[in-house]
Structures are given as structure tokens and as C-alpha cells.
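Visitor: My questions will all concern the structure given below.
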Amino acid sequence: MSHLLISAAHKSSGKTTISIGLTAALSEFKQVQTFKKGPDYIDPMWLSRASGRNCYNLDFYTMQQSEIKNTFLDKMSDADIGLIEGNKGLYDGLDLDGSNSNAALATLLQSPVILVLDSRGMTRGIAPLVLGYQNFDPAINIKGVILNQVGGSRHESKLRAILEHYTDVTVLGAVHKNPQLNIDERHLGLIPSNEENAADKKIRLIGQTIKEQVNLDQLLEIASTATAPDAHPESSITNNISLKNDINIGILRDEAFGFYYPDDIDALRSSGANLVFIDSIKDSALPEIDGLFIGGGFPETKMHELNANTSFMASVKNAIEDNMPVYAECGGLMYLCRKIEWQDDSVSMVGIIQADIKMHKKPQGRGYIQLSETSLHPWKPAINTGTLFAHEFHYSQLTNFTRDYPYAYHVLRGTGIDGKHDGLIYKNLLANYAHLRSTENNQWAQRFVQKIIQHKETVSTSN
């Protein structure tokens, strides 16, 4: 099973750009299945666009090791090569023992590792860096390096000569400095590909550069040495919902809202839901749906366009007032508040949540979080007595509450809405800063679909 893990010595070494380029270049003649380690929406958008296939997240924090293996094997079943983009550095992770590091993922999936090395300002010092990474854990199969941000042909020659003399590592390529390869950044990281108008042009440029400066034949040869991890028994996620139920769930997916995990979308479908994708900027009103999912994104950057679509905002507000089951995460939560204040500007939003959104220059909640359910959680079966593992990343904060709300979650680790609670409840609305993953330990997609079915049955009975 040909596959590779692309990692680096440290964060911001350029591995995302290299991974996008490798994916684009290989996709010209291979079916490339991409994966991203950890919680991330933006990098997978670019990788999905480069490959033409959904990129799937592999995350030790929210998934069991068996789930990681099953996801990897399932998505690789019709692919020619797998490319896993790591996060941060090869040995970085939450735990002292490295049990959730990129190296641990490479071990779990038996992946050869390619190191992307930011070579700016380096010559002879690159040798002890590579030797240190090789010797730190000899069990990790570091099969090659790609030099990045190389200063020119002379710099490249020096680096190659040094690595050839002092190490046994294969130099697969040297990507020279080129400002045109840069992907613009903003406060949450790389601009998502669903908003970047020139994304396809950028991907083609990066792909062409990689074709010219990286030896793809050597890369493929290394990938072919990988073996498949052992299969685990099928996931224990159960689905007791009849697929005959005609349940339509609307999902806002547009330039303002685009943060959705593909496997969560898959879980909604497998739980019996028909999915209807909606544009909150261009559509005049919600279509005929039974429930609504508003994911994360950058509503603050599109707040004027969102505000201009008054009829759509009114339809969302009316749907919630009429008890439609609605789930909103992060950007979706922001959209449902009274207004967003950002960069000395203030724009009205849906207004169903009686609070305002204030954007800050620094993150207000960032990283992995832990939650426990309260008895008020609107989705049955309740109550999930175990700790729920999720993540958050928001520069916004809810302020100026003019009413009290019940909450679905206690925050055990993280920030949530107020440092203690997350999952604001209003009628059949659940809105939180937490980004959930539908996994064996947190089957939120199935529970949300069940909530919608129960509500639809109740409405039908009363009519």
C-alpha cells in the first residue's frame, strides 16, 4: 500500500505548500488520497482541491487508534498512493512520550517519512539536524528530505554535498524561494481554498514547481516500500436509524461557512439524512428542510454580504423560533448572534442569540478541549457520561448577553463560551464554539439525525 507521511523539523517549514504541490503533481497520473494529522479544516481544503478527493483527518485526540487505521485503510482502498500531511514537527505532540506525535502516526500506519527542511540560512548545520532526527528514534523510517526555501543553485549544491557527505538520507528535491508559491495567511491560518478565487491557479503553479524541483520517481519508489497496517474490526458506531426516513438536513456551505469534516458529512448521510447544501450569501431563504447544520468559517470577513441577505437571515431566525433542530459550530454560533464587531466595524447578524460577537486580535480559545454533557443536552439518547474530546480555535467572544441560556456542556479543559460552559441551548438550537468529530466516543451525527426524526414525527402527529 504505497503511502508517505510528510513532516518537518518544526512548524512553518512549508510542508503544507510542499504537500499541496506533491498532491497536484502526482494527481496528474495517480489517484492520490490525502490525509491530515490532527484537527484542521483549512489544509485539508487545499489538499482536497489538489487531489479531487476528500482529505480525511487522522487525530489521536478525538479518534481511537483502531478508528485511525480503519479510516486510513477504507479511504486508501481505491487509491494509488496515500499522502499524509503531518502537523508541527515530526516529534512534536501533547505527551512527553510522543504517543500522539507525527512519529507515532507514522509508526501506527507503517509510513515512510519525508522531512521538509526549511533551509534558509543553513549550510553545514543541516547535517546534525538530520542526524539528530534520525537518531532520536531509529525506529522511525525517515527515507528522504525535501529542502525548502533554498537560496539558489549554489546554496542547493552546498546543501546536497553536505548531506551526501555526513548522512545517508536521500535528498528528493530542493524547492527554491519563490514568493509566488506563498499562500496568503490570515488570523486563523491559511486562507481556505473555498474562498480563494485563484486557488486552482495557485495549486497548478505549486504543482508545476514541485514537478521541476522534486524527483517524483524517487518519491514513488519510497512510497512503494510502505506496508499496510493491520486491519481492525469494524467500527463500533451503530446506526439504528432507518434509512427510509425522508430527512433533509440543510448545510450552509459557501464563502462564509466551510469548516466541515468529510467523515462527519458521511456520518450524517449514513444515519439516514439527505443533505441539502445552501449558500447563505446568494440564496434568498432556507429550502424545505427538517434540520440545519451551520459549521465554522469566517463570517466576519463576509459579514456585510451576510447582512445584506436579510430575507435569508429572517428565514433562519424563523426556523429556529419554529423549533427546527439546528446545530451551529463556532462561525455558525457567531452568525446567529445579534451583531459582529470587527476592525472598528459592526454589522447585524441573525439575532436569535441575544448576545454580540466581539473579534479580538489574539485567540480567545485555541486547541484541544474536553467537555462533559449536562442533563439539559437536547439530543437523545442522553446523557453521555464520558469525557468528550473536541477542539476550538476562535478569535471571537460572546459579549453583552441580555438573557440567560442553559448549556449542554461543562468545559473541563478549554474556553468554550464563557470558560465554564459551551453548547448554548435555545429551543431546538444547539450552538457551541467546540468543533465536534463524529467518532465512536462521540456519535453526534447520529444523535442529531435522531433529534430531527423525533421532531418531525412530533410535528406530524400534532398536525
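Chain labels A, B, ... are given in the sequence in which chains occur in the C-alpha cells; within each chain residues are numbered consecutively from 1, and ligands are likewise numbered from 1 in the order shown.
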Tell me which protein, DNA and RNA residues are within 10 Å of stretch 198-213 of chain A, counting only C-alpha atoms, leaving out same-chain ones fewer than 3 positions away, and put them as a JSON list (two decimals) with C-alpha atoms, in the first residue's frame.
Guide:
[["chain", "number", "residue", "atom", "x", "y", "z"],
["A", 17, "THR", "CA", 2.81, 24.01, 0.36],
["A", 18, "ILE", "CA", 5.04, 21.02, -0.44],
["A", 19, "SER", "CA", 2.17, 18.61, 0.29],
["A", 20, "ILE", "CA", -0.19, 20.57, -1.96],
["A", 21, "GLY", "CA", 2.41, 20.56, -4.72],
["A", 22, "LEU", "CA", 3.16, 16.86, -4.41],
["A", 23, "THR", "CA", -0.55, 16.08, -4.46],
["A", 24, "ALA", "CA", -1.16, 18.22, -7.53],
["A", 25, "ALA", "CA", 1.84, 16.81, -9.39],
["A", 26, "LEU", "CA", 1.08, 13.17, -8.59],
["A", 27, "SER", "CA", -2.64, 13.58, -9.30],
["A", 28, "GLU", "CA", -1.83, 14.12, -12.96],
["A", 46, "TRP", "CA", -6.37, 22.71, -0.26],
["A", 47, "LEU", "CA", -5.34, 19.06, -0.34],
["A", 49, "ARG", "CA", -8.81, 20.59, -4.17],
["A", 50, "ALA", "CA", -5.39, 19.45, -5.35],
["A", 146, "ILE", "CA", 12.95, 17.85, 0.61],
["A", 147, "LEU", "CA", 14.91, 21.05, 1.01],
["A", 172, "LEU", "CA", 14.47, 14.13, -3.06],
["A", 173, "GLY", "CA", 14.47, 17.72, -4.17],
["A", 174, "ALA", "CA", 15.23, 21.34, -3.46],
["A", 175, "VAL", "CA", 12.44, 23.89, -3.74],
["A", 176, "HIS", "CA", 13.85, 27.35, -4.28],
["A", 178, "ASN", "CA", 9.59, 31.86, -4.73],
["A", 180, "GLN", "CA", 4.56, 33.26, -5.90],
["A", 181, "LEU", "CA", 4.27, 29.94, -4.07],
["A", 182, "ASN", "CA", 3.15, 31.62, -0.86],
["A", 183, "ILE", "CA", -0.47, 31.16, 0.18],
["A", 191, "ILE", "CA", -6.96, 31.22, 3.61],
["A", 192, "PRO", "CA", -9.39, 28.35, 2.94],
["A", 193, "SER", "CA", -9.45, 27.14, -0.65],
["A", 194, "ASN", "CA", -13.24, 27.58, -0.89],
["A", 195, "GLU", "CA", -12.71, 31.35, -0.66],
["A", 216, "LEU", "CA", 8.80, 12.21, -8.17]]
Visitor: Mind listing the strand (DSSP E or B) residues of stretch 4-80 of chain A, per DSSP on the backbone, as a list of chain:residue names?
Guide: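 Selecting the strand (DSSP E or B) positions of stretch 4-80 of chain A gives A:Leu4, A:Leu5, A:Ile6, A:Ser7, A:Ala8, A:Val32, A:Gln33, A:Thr34, A:Phe35, A:Lys36, A:Lys37, A:Tyr56, A:Asn57, A:Leu58.
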Visitor: Please produce an output containing N, CA and C atoms for each residue in the selection, written as a PDB file, in the first residue's frame.
Guide:
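The resulting file, again_24.pdb, is reproduced below:
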ATOM      1  N   LEU A   4       3.032   7.794   2.123  1.00  0.00           N
ATOM      2  CA  LEU A   4       4.094   8.563   2.749  1.00  0.00           C
ATOM      3  C   LEU A   4       3.503   9.483   3.805  1.00  0.00           C
ATOM      4  N   LEU A   5       4.336   9.828   4.786  1.00  0.00           N
ATOM      5  CA  LEU A   5       3.974  10.889   5.718  1.00  0.00           C
ATOM      6  C   LEU A   5       4.944  12.042   5.509  1.00  0.00           C
ATOM      7  N   ILE A   6       4.396  13.214   5.204  1.00  0.00           N
ATOM      8  CA  ILE A   6       5.197  14.414   5.002  1.00  0.00           C
ATOM      9  C   ILE A   6       5.257  15.173   6.317  1.00  0.00           C
ATOM     10  N   SER A   7       6.443  15.302   6.888  1.00  0.00           N
ATOM     11  CA  SER A   7       6.594  16.002   8.156  1.00  0.00           C
ATOM     12  C   SER A   7       7.696  17.049   8.023  1.00  0.00           C
ATOM     13  N   ALA A   8       8.138  17.571   9.156  1.00  0.00           N
ATOM     14  CA  ALA A   8       9.127  18.646   9.135  1.00  0.00           C
ATOM     15  C   ALA A   8       9.869  18.663  10.456  1.00  0.00           C
ATOM     16  N   VAL A  32      -4.559  10.044  -5.867  1.00  0.00           N
ATOM     17  CA  VAL A  32      -3.879  10.391  -4.622  1.00  0.00           C
ATOM     18  C   VAL A  32      -4.920  10.602  -3.521  1.00  0.00           C
ATOM     19  N   GLN A  33      -4.798   9.852  -2.459  1.00  0.00           N
ATOM     20  CA  GLN A  33      -5.667  10.031  -1.288  1.00  0.00           C
ATOM     21  C   GLN A  33      -4.876  10.772  -0.216  1.00  0.00           C
ATOM     22  N   THR A  34      -5.372  11.915   0.188  1.00  0.00           N
ATOM     23  CA  THR A  34      -4.665  12.721   1.181  1.00  0.00           C
ATOM     24  C   THR A  34      -5.302  12.602   2.556  1.00  0.00           C
ATOM     25  N   PHE A  35      -4.457  12.797   3.559  1.00  0.00           N
ATOM     26  CA  PHE A  35      -4.879  12.796   4.961  1.00  0.00           C
ATOM     27  C   PHE A  35      -4.148  13.937   5.665  1.00  0.00           C
ATOM     28  N   LYS A  36      -4.743  14.427   6.729  1.00  0.00           N
ATOM     29  CA  LYS A  36      -4.110  15.468   7.538  1.00  0.00           C
ATOM     30  C   LYS A  36      -4.132  15.040   8.993  1.00  0.00           C
ATOM     31  N   LYS A  37      -2.963  15.082   9.627  1.00  0.00           N
ATOM     32  CA  LYS A  37      -2.914  14.729  11.034  1.00  0.00           C
ATOM     33  C   LYS A  37      -3.464  15.878  11.878  1.00  0.00           C
ATOM     34  N   TYR A  56      -9.009  13.415   4.587  1.00  0.00           N
ATOM     35  CA  TYR A  56      -9.559  12.984   5.875  1.00  0.00           C
ATOM     36  C   TYR A  56      -8.558  13.218   7.000  1.00  0.00           C
ATOM     37  N   ASN A  57      -9.083  13.655   8.133  1.00  0.00           N
ATOM     38  CA  ASN A  57      -8.250  13.938   9.302  1.00  0.00           C
ATOM     39  C   ASN A  57      -8.006  12.680  10.118  1.00  0.00           C
ATOM     40  N   LEU A  58      -6.789  12.539  10.605  1.00  0.00           N
ATOM     41  CA  LEU A  58      -6.388  11.441  11.479  1.00  0.00           C
ATOM     42  C   LEU A  58      -5.889  12.067  12.773  1.00  0.00           C
TER      43      LEU A  58
END
Visitor: For stretch 352-360 of chain A, work out the shell of residues within 8 Å, counting only C-alpha atoms and skipping chain neighbours fewer than 5 positions away, then give it as a list in words.
Guide: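 Listed by chain and then number, they are Lys317, Ile320, Met334, Leu336, Cys337, Arg338, Lys339, Ile340, Glu341, Trp342, Gln343, Tyr395, Ser396, Gln397, Leu398, Thr399, Asn400, Phe401, Thr402, Arg403 and Tyr426 of chain A.
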Visitor: I'd like the interatomic distance between atom CA of A:Ile281 and atom CA of A:Asp263, to a tenth of an Å.
Guide: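 So the answer is 25.4 Å.
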Visitor: Among stretch 8-91 of chain A, which residues does DSSP mark as helix (DSSP H, G or I) when it is run on the backbone? Keep the chain and numbering as in the structure and answer as JSON, numbers by chain.
Guide: {"A": [15, 16, 17, 18, 19, 20, 21, 22, 23, 24, 25, 26, 42, 43, 44, 45, 46, 47, 48, 49, 50, 51, 65, 66, 67, 68, 69, 70, 71, 72, 73, 74, 75, 76]}
Visitor: Keeping only C-alpha atoms, write the selected residues to a file as an mmCIF file, in the first residue's frame.
Guide:
data_model
loop_
_atom_site.group_PDB
_atom_site.id
_atom_site.type_symbol
_atom_site.label_atom_id
_atom_site.label_comp_id
_atom_site.auth_asym_id
_atom_site.auth_seq_id
_atom_site.Cartn_x
_atom_site.Cartn_y
_atom_site.Cartn_z
ATOM 1 C CA LYS A 15 5.170 21.261 4.486
ATOM 2 C CA THR A 16 1.636 22.337 3.557
ATOM 3 C CA THR A 17 2.813 24.009 0.358
ATOM 4 C CA ILE A 18 5.042 21.022 -0.441
ATOM 5 C CA SER A 19 2.169 18.611 0.294
ATOM 6 C CA ILE A 20 -0.195 20.568 -1.962
ATOM 7 C CA GLY A 21 2.410 20.563 -4.721
ATOM 8 C CA LEU A 22 3.160 16.864 -4.413
ATOM 9 C CA THR A 23 -0.551 16.077 -4.456
ATOM 10 C CA ALA A 24 -1.162 18.219 -7.527
ATOM 11 C CA ALA A 25 1.840 16.809 -9.393
ATOM 12 C CA LEU A 26 1.080 13.169 -8.587
ATOM 13 C CA ILE A 42 -8.066 24.645 6.039
ATOM 14 C CA ASP A 43 -5.114 22.495 4.937
ATOM 15 C CA PRO A 44 -7.480 19.632 4.005
ATOM 16 C CA MET A 45 -9.479 22.028 1.798
ATOM 17 C CA TRP A 46 -6.366 22.715 -0.257
ATOM 18 C CA LEU A 47 -5.338 19.061 -0.341
ATOM 19 C CA SER A 48 -8.847 18.034 -1.407
ATOM 20 C CA ARG A 49 -8.813 20.590 -4.167
ATOM 21 C CA ALA A 50 -5.388 19.450 -5.350
ATOM 22 C CA SER A 51 -6.371 15.761 -5.462
ATOM 23 C CA GLN A 65 -6.147 4.076 17.102
ATOM 24 C CA SER A 66 -8.435 1.475 15.541
ATOM 25 C CA GLU A 67 -10.536 4.273 14.012
ATOM 26 C CA ILE A 68 -7.430 5.886 12.554
ATOM 27 C CA LYS A 69 -6.386 2.610 10.960
ATOM 28 C CA ASN A 70 -9.891 1.841 9.674
ATOM 29 C CA THR A 71 -10.273 5.324 8.193
ATOM 30 C CA PHE A 72 -6.884 5.096 6.505
ATOM 31 C CA LEU A 73 -7.499 1.624 5.063
ATOM 32 C CA ASP A 74 -11.029 2.459 3.924
ATOM 33 C CA LYS A 75 -10.087 5.643 2.085
ATOM 34 C CA MET A 76 -6.988 4.028 0.556
#
Visitor: Do you have the atom CA of A:Leu286-atom CA of A:Phe393 distance handy?
Guide: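 Interatomic distance here is 27.8 Å.
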Visitor: Which residue, A:Asp78, A:Phe60, A:Ile142, A:Thr301, has the smallest gap to A:Gly98 when you use only C-alpha atoms?
Guide: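 Between A:Asp78, A:Phe60, A:Ile142, A:Thr301, the residue approaching A:Gly98 most closely is A:Phe60.
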